[in-house]
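A.B. asks: Next up, work-v2.cif (mmCIF, C-alpha atoms and all ligand atoms).
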data_upload
#
loop_
_atom_site.group_PDB
_atom_site.id
_atom_site.type_symbol
_atom_site.label_atom_id
_atom_site.label_comp_id
_atom_site.auth_asym_id
_atom_site.auth_seq_id
_atom_site.Cartn_x
_atom_site.Cartn_y
_atom_site.Cartn_z
ATOM 1 C CA MET A 146 83.382 9.696 134.980
ATOM 2 C CA PHE A 147 85.938 10.798 132.476
ATOM 3 C CA LEU A 148 86.995 14.427 132.624
ATOM 4 C CA SER A 149 89.541 16.157 130.452
ATOM 5 C CA ARG A 150 93.119 14.947 130.452
ATOM 6 C CA THR A 151 94.924 18.179 131.170
ATOM 7 C CA GLY A 152 97.811 19.560 133.167
ATOM 8 C CA ASP A 153 101.185 18.149 134.110
ATOM 9 C CA ARG A 154 101.675 14.543 135.047
ATOM 10 C CA GLY A 155 102.530 13.888 138.660
ATOM 11 C CA ARG A 156 101.269 12.365 141.827
ATOM 12 C CA LEU A 157 99.656 14.262 144.672
ATOM 13 C CA LYS A 158 100.839 13.013 148.035
ATOM 14 C CA CYS A 159 98.375 11.929 150.684
ATOM 15 C CA ASP A 160 98.997 9.651 153.659
ATOM 16 C CA GLY A 161 96.510 7.432 155.423
ATOM 17 C CA GLU A 162 93.679 5.217 154.297
ATOM 18 C CA PHE A 163 91.654 5.600 151.126
ATOM 19 C CA HIS A 164 88.144 6.848 151.777
ATOM 20 C CA ALA A 165 85.186 5.045 150.247
ATOM 21 C CA GLN A 166 84.014 6.277 146.843
ATOM 22 C CA PHE A 167 81.805 9.396 146.769
ATOM 23 C CA THR A 168 82.245 10.211 150.451
ATOM 24 C CA THR A 169 84.918 12.883 151.006
ATOM 25 C CA VAL A 170 84.571 14.129 147.430
ATOM 26 C CA GLY A 171 80.837 14.875 147.899
ATOM 27 C CA PRO A 172 81.206 18.590 148.777
ATOM 28 C CA TYR A 173 83.622 19.106 145.835
ATOM 29 C CA TYR A 174 81.825 16.984 143.248
ATOM 30 C CA ASP A 175 80.073 19.878 141.501
ATOM 31 C CA GLU A 176 83.318 21.810 141.184
ATOM 32 C CA LEU A 177 84.922 18.714 139.697
ATOM 33 C CA MET A 178 82.059 18.349 137.205
ATOM 34 C CA GLN A 179 82.016 22.020 136.130
ATOM 35 C CA GLY A 180 82.819 21.145 132.528
ATOM 36 C CA VAL A 181 80.399 18.224 132.250
ATOM 37 C CA PRO A 182 77.660 19.030 129.677
ATOM 38 C CA TYR A 183 74.670 17.852 131.746
ATOM 39 C CA GLY A 184 72.327 19.991 129.615
ATOM 40 C CA MET A 185 73.521 18.244 126.445
ATOM 41 C CA TRP A 186 73.072 14.849 128.127
ATOM 42 C CA VAL A 187 69.454 15.653 128.953
ATOM 43 C CA ASP A 188 68.975 16.959 125.369
ATOM 44 C CA TYR A 189 70.179 13.539 124.218
ATOM 45 C CA VAL A 190 67.802 11.721 126.585
ATOM 46 C CA GLU A 191 64.945 13.866 125.223
ATOM 47 C CA LEU A 192 66.010 13.013 121.674
ATOM 48 C CA LEU A 193 65.843 9.301 122.555
ATOM 49 C CA LEU A 194 62.404 9.828 124.117
ATOM 50 C CA GLY A 195 61.280 11.523 120.902
ATOM 51 C CA ILE A 196 62.452 8.504 118.878
ATOM 52 C CA GLU A 197 60.386 6.269 121.180
ATOM 53 C CA GLY A 198 57.430 8.647 120.890
ATOM 54 C CA VAL A 199 56.892 8.997 124.634
ATOM 55 C CA ARG A 200 56.418 12.074 126.827
ATOM 56 C CA PRO A 201 57.157 11.136 130.431
ATOM 57 C CA GLN A 202 56.138 13.237 133.415
ATOM 58 C CA ARG A 203 57.518 11.439 136.462
ATOM 59 C CA VAL A 204 61.217 10.610 136.245
ATOM 60 C CA ALA A 205 63.484 8.655 138.588
ATOM 61 C CA ASP A 206 67.111 9.791 138.376
ATOM 62 C CA LEU A 207 68.940 6.732 139.702
ATOM 63 C CA ALA A 208 72.417 7.171 141.221
ATOM 64 C CA CYS A 209 71.721 10.888 140.946
ATOM 65 C CA GLY A 210 74.849 11.976 142.825
ATOM 66 C CA THR A 211 74.505 15.652 143.702
ATOM 67 C CA GLY A 212 71.461 15.872 141.436
ATOM 68 C CA ASN A 213 72.866 17.613 138.369
ATOM 69 C CA VAL A 214 70.767 15.559 135.959
ATOM 70 C CA SER A 215 67.755 15.801 138.316
ATOM 71 C CA PHE A 216 67.919 19.611 138.322
ATOM 72 C CA GLU A 217 68.301 19.749 134.544
ATOM 73 C CA LEU A 218 65.200 17.535 134.189
ATOM 74 C CA ALA A 219 63.197 19.476 136.773
ATOM 75 C CA ARG A 220 63.992 22.785 135.050
ATOM 76 C CA ARG A 221 62.418 21.271 131.910
ATOM 77 C CA GLY A 222 59.186 20.554 133.763
ATOM 78 C CA TYR A 223 59.578 16.902 134.777
ATOM 79 C CA SER A 224 58.677 15.812 138.275
ATOM 80 C CA VAL A 225 61.841 14.131 139.560
ATOM 81 C CA THR A 226 62.881 11.729 142.302
ATOM 82 C CA GLY A 227 66.637 11.331 142.684
ATOM 83 C CA VAL A 228 68.205 8.462 144.604
ATOM 84 C CA ASP A 229 71.807 7.720 145.463
ATOM 85 C CA ILE A 230 73.606 5.448 147.906
ATOM 86 C CA SER A 231 75.995 8.170 149.076
ATOM 87 C CA GLY A 232 74.835 10.302 152.007
ATOM 88 C CA PRO A 233 77.375 13.073 151.291
ATOM 89 C CA MET A 234 76.249 13.320 147.633
ATOM 90 C CA ILE A 235 72.555 13.392 148.604
ATOM 91 C CA ASP A 236 73.332 16.027 151.275
ATOM 92 C CA VAL A 237 74.714 18.328 148.570
ATOM 93 C CA ALA A 238 71.669 17.646 146.365
ATOM 94 C CA GLY A 239 69.391 18.462 149.317
ATOM 95 C CA ARG A 240 71.176 21.757 149.983
ATOM 96 C CA LYS A 241 70.738 22.738 146.342
ATOM 97 C CA ILE A 242 66.996 21.992 146.440
ATOM 98 C CA ALA A 243 66.719 24.327 149.434
ATOM 99 C CA GLU A 244 68.030 27.083 147.115
ATOM 100 C CA ASN A 245 65.606 26.098 144.289
ATOM 101 C CA GLU A 246 62.348 25.573 146.134
ATOM 102 C CA ASN A 247 60.287 26.089 142.983
ATOM 103 C CA LEU A 248 61.626 22.844 141.474
ATOM 104 C CA ARG A 249 59.830 19.554 142.069
ATOM 105 C CA ILE A 250 62.559 17.138 143.161
ATOM 106 C CA ASP A 251 62.591 14.610 145.955
ATOM 107 C CA PHE A 252 66.031 13.253 146.923
ATOM 108 C CA GLN A 253 66.432 9.976 148.793
ATOM 109 C CA CYS A 254 69.344 7.887 149.951
ATOM 110 C CA GLN A 255 68.830 4.411 148.469
ATOM 111 C CA ASP A 256 70.874 1.541 147.090
ATOM 112 C CA LEU A 257 70.129 0.731 143.436
ATOM 113 C CA ARG A 258 70.269 -2.956 144.351
ATOM 114 C CA SER A 259 67.311 -2.678 146.712
ATOM 115 C CA LEU A 260 65.162 0.188 145.465
ATOM 116 C CA THR A 261 62.019 0.882 147.452
ATOM 117 C CA LEU A 262 60.272 3.481 145.313
ATOM 118 C CA PRO A 263 56.595 3.226 144.327
ATOM 119 C CA ALA A 264 55.685 1.976 140.846
ATOM 120 C CA GLU A 265 54.813 5.406 139.519
ATOM 121 C CA PHE A 266 57.565 6.461 137.140
ATOM 122 C CA ASP A 267 57.232 6.968 133.383
ATOM 123 C CA LEU A 268 60.986 7.093 132.960
ATOM 124 C CA ALA A 269 64.057 5.968 134.893
ATOM 125 C CA VAL A 270 67.487 7.277 133.933
ATOM 126 C CA CYS A 271 70.864 6.238 135.294
ATOM 127 C CA LEU A 272 73.704 8.284 133.838
ATOM 128 C CA PHE A 273 77.461 8.830 134.039
ATOM 129 C CA ASP A 274 78.575 5.201 134.316
ATOM 130 C CA SER A 275 76.858 4.728 137.663
ATOM 131 C CA LEU A 276 75.917 1.129 136.785
ATOM 132 C CA ASN A 277 79.587 0.248 136.267
ATOM 133 C CA TYR A 278 79.939 0.791 140.020
ATOM 134 C CA LEU A 279 77.909 -2.407 140.501
ATOM 135 C CA LEU A 280 80.698 -4.941 140.483
ATOM 136 C CA LEU A 281 78.889 -8.271 140.346
ATOM 137 C CA ASP A 282 76.393 -9.731 137.884
ATOM 138 C CA GLU A 283 74.058 -10.220 140.873
ATOM 139 C CA ASP A 284 74.279 -6.507 141.703
ATOM 140 C CA LEU A 285 73.424 -5.401 138.183
ATOM 141 C CA GLU A 286 70.673 -8.002 138.025
ATOM 142 C CA ALA A 287 69.177 -6.755 141.313
ATOM 143 C CA ALA A 288 69.275 -3.165 140.032
ATOM 144 C CA PHE A 289 67.596 -4.111 136.743
ATOM 145 C CA ARG A 290 64.862 -6.002 138.636
ATOM 146 C CA GLY A 291 64.348 -3.045 140.971
ATOM 147 C CA VAL A 292 64.024 -0.513 138.155
ATOM 148 C CA HIS A 293 61.470 -2.774 136.503
ATOM 149 C CA GLN A 294 59.308 -2.530 139.609
ATOM 150 C CA ILE A 295 59.231 1.258 139.814
ATOM 151 C CA LEU A 296 57.957 1.882 136.267
ATOM 152 C CA ARG A 297 54.364 2.359 135.221
ATOM 153 C CA SER A 298 53.235 0.351 132.235
ATOM 154 C CA GLY A 299 54.590 1.994 129.083
ATOM 155 C CA GLY A 300 57.601 3.289 131.025
ATOM 156 C CA LEU A 301 61.172 3.440 129.744
ATOM 157 C CA PHE A 302 64.607 2.936 131.262
ATOM 158 C CA ILE A 303 67.507 4.859 129.709
ATOM 159 C CA PHE A 304 71.016 4.325 131.030
ATOM 160 C CA ASP A 305 74.625 4.636 130.008
ATOM 161 C CA MET A 306 77.661 2.525 130.810
ATOM 162 C CA ASN A 307 81.376 2.861 130.275
ATOM 163 C CA SER A 308 82.428 0.400 127.604
ATOM 164 C CA GLU A 309 84.971 -2.366 128.066
ATOM 165 C CA TYR A 310 87.250 -0.422 125.712
ATOM 166 C CA ALA A 311 87.145 2.655 127.985
ATOM 167 C CA LEU A 312 88.033 0.723 131.116
ATOM 168 C CA GLU A 313 90.594 -1.580 129.469
ATOM 169 C CA THR A 314 92.481 1.389 128.021
ATOM 170 C CA GLU A 315 92.485 3.081 131.432
ATOM 171 C CA LEU A 316 90.779 6.283 130.344
ATOM 172 C CA PHE A 317 90.319 6.928 134.060
ATOM 173 C CA THR A 318 93.992 7.828 134.393
ATOM 174 C CA GLN A 319 93.759 11.601 134.265
ATOM 175 C CA ASP A 320 94.659 14.706 136.160
ATOM 176 C CA ASN A 321 94.261 18.414 136.588
ATOM 177 C CA LEU A 322 97.280 19.790 138.397
ATOM 178 C CA PHE A 323 97.105 23.350 137.092
ATOM 179 C CA ARG A 324 98.339 25.794 139.711
ATOM 180 C CA ASN A 325 95.383 28.117 139.159
ATOM 181 C CA SER A 326 92.876 25.321 139.933
ATOM 182 C CA ALA A 327 91.507 25.378 143.458
ATOM 183 C CA LEU A 328 90.617 21.694 143.120
ATOM 184 C CA ARG A 329 93.494 19.626 141.778
ATOM 185 C CA TYR A 330 93.401 15.904 141.191
ATOM 186 C CA ASN A 331 95.456 13.031 139.971
ATOM 187 C CA TRP A 332 93.737 9.713 139.221
ATOM 188 C CA ILE A 333 95.549 6.491 138.496
ATOM 189 C CA SER A 334 93.581 3.534 137.180
ATOM 190 C CA GLN A 335 94.570 -0.059 136.853
ATOM 191 C CA PHE A 336 92.452 -2.547 134.957
ATOM 192 C CA SER A 337 92.493 -6.210 135.924
ATOM 193 C CA PRO A 338 91.752 -8.491 132.946
ATOM 194 C CA GLN A 339 90.964 -11.257 135.462
ATOM 195 C CA THR A 340 88.293 -9.477 137.506
ATOM 196 C CA ARG A 341 87.327 -7.049 134.677
ATOM 197 C CA ILE A 342 87.465 -4.313 137.327
ATOM 198 C CA SER A 343 89.169 -0.950 136.953
ATOM 199 C CA GLU A 344 90.490 0.217 140.302
ATOM 200 C CA VAL A 345 91.113 3.947 140.430
ATOM 201 C CA GLU A 346 93.194 5.688 143.080
ATOM 202 C CA MET A 347 91.905 9.248 143.182
ATOM 203 C CA TYR A 348 94.066 11.868 144.893
ATOM 204 C CA PHE A 349 92.595 15.303 145.529
ATOM 205 C CA GLU A 350 94.009 18.601 146.769
ATOM 206 C CA VAL A 351 91.771 21.547 147.659
ATOM 207 C CA HIS A 352 93.409 24.974 147.801
ATOM 208 C CA SER A 353 91.923 28.011 149.501
ATOM 209 C CA ASP A 354 93.518 31.382 150.252
ATOM 210 C CA GLY A 355 95.751 31.487 153.290
ATOM 211 C CA ALA A 356 95.144 27.860 154.310
ATOM 212 C CA LEU A 357 97.157 24.707 153.935
ATOM 213 C CA PRO A 358 95.808 22.530 151.119
ATOM 214 C CA LEU A 359 93.272 19.910 152.149
ATOM 215 C CA ARG A 360 94.294 16.498 150.806
ATOM 216 C CA PHE A 361 92.268 13.324 150.580
ATOM 217 C CA LYS A 362 92.041 10.203 148.473
ATOM 218 C CA GLU A 363 89.273 7.844 147.430
ATOM 219 C CA LEU A 364 89.351 4.391 145.890
ATOM 220 C CA HIS A 365 86.814 3.842 143.100
ATOM 221 C CA ARG A 366 86.001 0.581 141.343
ATOM 222 C CA GLU A 367 84.143 0.124 138.058
ATOM 223 C CA ARG A 368 83.373 -3.179 136.355
ATOM 224 C CA ALA A 369 83.684 -3.637 132.610
ATOM 225 C CA TYR A 370 80.639 -5.539 131.359
ATOM 226 C CA SER A 371 80.486 -6.754 127.778
ATOM 227 C CA LEU A 372 77.542 -5.678 125.658
ATOM 228 C CA SER A 373 76.322 -9.272 125.519
ATOM 229 C CA GLN A 374 76.493 -9.575 129.337
ATOM 230 C CA VAL A 375 74.362 -6.443 129.729
ATOM 231 C CA MET A 376 71.896 -7.669 127.101
ATOM 232 C CA ASP A 377 71.663 -11.098 128.808
ATOM 233 C CA LEU A 378 71.047 -9.523 132.209
ATOM 234 C CA LEU A 379 68.404 -7.211 130.760
ATOM 235 C CA ASP A 380 66.676 -10.131 129.082
ATOM 236 C CA ARG A 381 66.784 -12.216 132.261
ATOM 237 C CA THR A 382 65.229 -9.420 134.306
ATOM 238 C CA GLY A 383 62.287 -8.756 131.976
ATOM 239 C CA TRP A 384 63.646 -5.951 129.796
ATOM 240 C CA GLN A 385 63.574 -5.496 126.082
ATOM 241 C CA CYS A 386 66.424 -3.335 124.801
ATOM 242 C CA HIS A 387 64.798 -1.212 122.088
ATOM 243 C CA ARG A 388 67.943 0.605 121.061
ATOM 244 C CA ASN A 389 71.636 0.663 121.880
ATOM 245 C CA TYR A 390 73.925 3.499 120.813
ATOM 246 C CA GLU A 391 77.392 4.880 121.008
ATOM 247 C CA ALA A 392 76.749 7.708 123.473
ATOM 248 C CA TYR A 393 75.435 10.993 122.087
ATOM 249 C CA THR A 394 75.170 9.613 118.552
ATOM 250 C CA SER A 395 72.651 7.654 116.511
ATOM 251 C CA MET A 396 75.265 4.979 115.717
ATOM 252 C CA ARG A 397 75.485 1.461 117.032
ATOM 253 C CA PRO A 398 78.329 0.913 119.526
ATOM 254 C CA GLY A 399 81.666 0.186 117.855
ATOM 255 C CA PRO A 400 84.883 -1.378 119.185
ATOM 256 C CA ARG A 401 86.228 2.035 120.240
ATOM 257 C CA SER A 402 83.037 3.481 121.703
ATOM 258 C CA GLU A 403 83.850 4.818 125.159
ATOM 259 C CA ARG A 404 80.281 4.954 126.437
ATOM 260 C CA TRP A 405 77.146 3.055 125.514
ATOM 261 C CA TYR A 406 73.517 4.112 125.838
ATOM 262 C CA PHE A 407 70.625 1.699 126.292
ATOM 263 C CA VAL A 408 66.928 2.439 125.775
ATOM 264 C CA CYS A 409 64.840 -0.310 127.366
ATOM 265 C CA ALA A 410 61.217 -1.099 128.095
ATOM 266 C CA PRO A 411 59.641 -3.871 130.158
ATOM 267 C CA LYS A 412 58.888 -6.898 127.982
ATOM 268 C CA PRO A 413 55.211 -7.094 127.148
ATOM 269 C CA THR A 414 53.471 -9.567 129.411
ATOM 270 C CA VAL A 415 51.661 -12.394 127.656
ATOM 271 C CA THR A 416 48.159 -12.870 129.021
ATOM 272 C CA ALA A 417 46.517 -16.274 128.774
ATOM 273 C CA SER A 418 43.413 -16.238 126.552
HETATM 274 C C1 LIG B 501 79.896 9.058 138.549
HETATM 275 S S1 LIG B 501 78.693 9.360 139.756
HETATM 276 C C2 LIG B 501 77.338 9.949 138.760
HETATM 277 C C3 LIG B 501 76.369 10.789 139.536
HETATM 278 C C4 LIG B 501 75.294 11.468 138.695
HETATM 279 N N1 LIG B 501 74.480 10.513 137.978
HETATM 280 C C5 LIG B 501 75.892 12.477 137.738
HETATM 281 O O1 LIG B 501 75.627 12.349 136.533
HETATM 282 O O2 LIG B 501 76.602 13.387 138.182
HETATM 283 C C6 LIG B 501 78.166 7.729 140.218
HETATM 284 C C7 LIG B 501 77.117 7.737 141.316
HETATM 285 O O3 LIG B 501 76.665 6.394 141.509
HETATM 286 C C8 LIG B 501 76.341 6.265 142.872
HETATM 287 N N2 LIG B 501 76.247 4.846 143.208
HETATM 288 C C9 LIG B 501 77.211 3.906 143.136
HETATM 289 N N3 LIG B 501 76.744 2.720 143.562
HETATM 290 C C10 LIG B 501 75.437 2.910 143.893
HETATM 291 C C11 LIG B 501 74.406 2.071 144.398
HETATM 292 N N4 LIG B 501 74.625 0.772 144.651
HETATM 293 N N5 LIG B 501 73.196 2.593 144.640
HETATM 294 C C12 LIG B 501 72.948 3.914 144.387
HETATM 295 N N6 LIG B 501 73.893 4.760 143.918
HETATM 296 C C13 LIG B 501 75.119 4.271 143.667
HETATM 297 C C14 LIG B 501 77.490 6.979 143.573
HETATM 298 O O4 LIG B 501 77.216 7.281 144.918
HETATM 299 C C15 LIG B 501 77.641 8.202 142.664
HETATM 300 O O5 LIG B 501 76.878 9.286 143.123
#
Is it possible to express this structure as structure tokens?

C.D. replies:
Amino acid sequence: MFLSRTGDRGRLKCDGEFHAQFTTVGPYYDELMQGVPYGMWVDYVELLLGIEGVRPQRVADLACGTGNVSFELARRGYSVTGVDISGPMIDVAGRKIAENENLRIDFQCQDLRSLTLPAEFDLAVCLFDSLNYLLLDEDLEAAFRGVHQILRSGGLFIFDMNSEYALETELFTQDNLFRNSALRYNWISQFSPQTRISEVEMYFEVHSDGALPLRFKELHRERAYSLSQVMDLLDRTGWQCHRNYEAYTSMRPGPRSERWYFVCAPKPTVTAS
């Protein structure tokens, strides 16, 4: 999740242990993502669906976080199920659905590596580098197998991933320390060429009138997969990658692409005659 690189450089102080990723930040996630063009992302997904010539109805938003993609999809008429491993993120999504009762969204707390949804989806999406949070080949493989099982025949799986280039060049090192921001942050990433994992120390400071700032920190880890590793894992788990793009374009990924998009369908099954 790359945001803008703005503000002064500096380190926010915060004692104590790091919290697990997407726990303490849950209630502040939407404020953090204010500038993220979720509508444009869903436009792009719809463009990719148009290229494939499919019109899905039931959509699974995998690793949905606080449901920003789910809500965007539901507002466009899709029937959506959102799942995420983080209780605090799903709690926020659930509170938002209570304020939008007319939208058809079901939120559930589930691990992508052991999905237990019924096989009734026309489309599964997994956006904003959520799959990079799966650190082992086995994890990504388990997720790919699970998604396969929740699709109806003719279904599609569209996902994005941060590229190796993005994680190697530490694009996660970013901050917003502007004094007029109620939510300030300072993230420091370190990429290990050995493990191919980017470890990001995220420091946050929440300011509200008349109160001492609330400070907390989370440790996030994302794995850099190569394109060929992703393609191999897809192939091994029964997927055919129809198209692969540099995000939000119609171009093939290049060496400096920061984010990749994949449009995949289950491989056709061969029936014995
Ligand atoms: C960068 S956030 C993206 C959230 C959302 N897709 C969005 O666009 O705002 C990554 C999400 O992946 C979720 N996640 C990480 N590992 C997961 C797993 N094993 N199973 C389900 N969700 C997971 C996190 O809890 C987090 O909500």

A.B. asks: With only C-alpha atoms and all ligand atoms as the basis for distance, which of A:Gln339, A:Gln179, A:Thr211, A:Asn321 is at the shortest distance from ligand LIG 501 (chain B)?

C.D. replies: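 Closest candidate: A:Thr211.
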
A.B. asks: Hey, can you check how far atom CA of A:Phe266 sits from atom CA of A:Ala369?

C.D. replies: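 Separation of atom CA of A:Phe266 and atom CA of A:Ala369: 28.4 Å.
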
A.B. asks: Neighbouring residues of ligand LIG 501 (chain B) are defined here as those with any atom at most 9 Å from a ligand atom, counting all atoms listed in the file; list them as a compact mmCIF listing (two decimals) with C-alpha atoms, keeping the file's coordinate frame.

C.D. replies:
# COMPACT_ATOMS: atom_id res chain seq x y z
CA MET A 146 83.38 9.70 134.98
CA PHE A 147 85.94 10.80 132.48
CA GLN A 166 84.01 6.28 146.84
CA PHE A 167 81.81 9.40 146.77
CA THR A 168 82.24 10.21 150.45
CA GLY A 171 80.84 14.88 147.90
CA TYR A 174 81.82 16.98 143.25
CA ASP A 175 80.07 19.88 141.50
CA MET A 178 82.06 18.35 137.21
CA VAL A 181 80.40 18.22 132.25
CA TYR A 183 74.67 17.85 131.75
CA ASP A 206 67.11 9.79 138.38
CA LEU A 207 68.94 6.73 139.70
CA ALA A 208 72.42 7.17 141.22
CA CYS A 209 71.72 10.89 140.95
CA GLY A 210 74.85 11.98 142.82
CA THR A 211 74.50 15.65 143.70
CA GLY A 212 71.46 15.87 141.44
CA ASN A 213 72.87 17.61 138.37
CA VAL A 214 70.77 15.56 135.96
CA SER A 215 67.76 15.80 138.32
CA VAL A 228 68.20 8.46 144.60
CA ASP A 229 71.81 7.72 145.46
CA ILE A 230 73.61 5.45 147.91
CA SER A 231 76.00 8.17 149.08
CA GLY A 232 74.83 10.30 152.01
CA PRO A 233 77.38 13.07 151.29
CA MET A 234 76.25 13.32 147.63
CA ILE A 235 72.56 13.39 148.60
CA CYS A 254 69.34 7.89 149.95
CA GLN A 255 68.83 4.41 148.47
CA ASP A 256 70.87 1.54 147.09
CA LEU A 257 70.13 0.73 143.44
CA ARG A 258 70.27 -2.96 144.35
CA SER A 259 67.31 -2.68 146.71
CA LEU A 260 65.16 0.19 145.46
CA VAL A 270 67.49 7.28 133.93
CA CYS A 271 70.86 6.24 135.29
CA LEU A 272 73.70 8.28 133.84
CA PHE A 273 77.46 8.83 134.04
CA ASP A 274 78.58 5.20 134.32
CA SER A 275 76.86 4.73 137.66
CA LEU A 276 75.92 1.13 136.78
CA ASN A 277 79.59 0.25 136.27
CA TYR A 278 79.94 0.79 140.02
CA LEU A 279 77.91 -2.41 140.50
CA ASP A 284 74.28 -6.51 141.70
CA ALA A 288 69.28 -3.16 140.03

A.B. asks: Edge lengths and centre in Å to one decimal, as lines of an AutoDock Vina configuration file, is what I'm after for the box along x, y and z that holds all listed atoms of stretch 196-206 of chain A once 5 Å is added on each side.

C.D. replies:
center_x = 61.6
center_y = 9.8
center_z = 128.7
size_x = 21.0
size_y = 17.0
size_z = 29.7

A.B. asks: Do you know which residues the PyMOL selection byres (((chain A and resi 384) around 9) and not hetatm) returns on this file, as JSON, numbers by chain?

C.D. replies: {"A": [289, 290, 293, 376, 378, 379, 380, 381, 382, 383, 385, 386, 409, 410, 411, 412, 413]}

A.B. asks: Between A:Met396, A:Ala287, A:Leu364, A:Leu322, which is the closest to A:Val351 once you count all atoms listed in the file?

C.D. replies: A:Leu322

A.B. asks: Residues at most 10 Å from A:Glu217, counting all atoms listed in the file, excluding those fewer than 3 positions away in the same chain, as a list in words?

C.D. replies: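 That gives Tyr183, Gly184, Met185, Trp186, Val187, Asp188, Gly212, Asn213, Val214, Arg220, Arg221, Gly222, Tyr223 and Val225 of chain A.
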
A.B. asks: Neighbours of A:Gln202 within 12 Å (all atoms listed in the file; same-chain residues fewer than 5 positions away dropped), as a list in words?

C.D. replies: Leu194, Leu218, Ala219, Arg221, Gly222, Tyr223, Ser224, Val225, Thr226, Arg249, Glu265, Phe266, Asp267, Leu268, Ala269, Leu296, Arg297, Gly300 and Leu301 of chain A

A.B. asks: Which residues, written as a ChimeraX atom specification, have at least one atom at most 6 Å from stretch 389-395 of chain A, with all atoms listed in the file counted and residues fewer than 6 positions away on the same chain left out?

C.D. replies: /A:402,404-407

A.B. asks: Quote the spacing between atom CA of A:Val237 and atom CA of A:Lys362 in Å to one decimal place.

C.D. replies: 19.1 Å

A.B. asks: So, with all atoms listed in the file as the atoms that count, which of A:Ile303, A:Phe216, A:Glu176, A:Pro263 lies closest to A:Glu244?

C.D. replies: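 Checking each candidate against A:Glu244, we get A:Phe216 as the closest.
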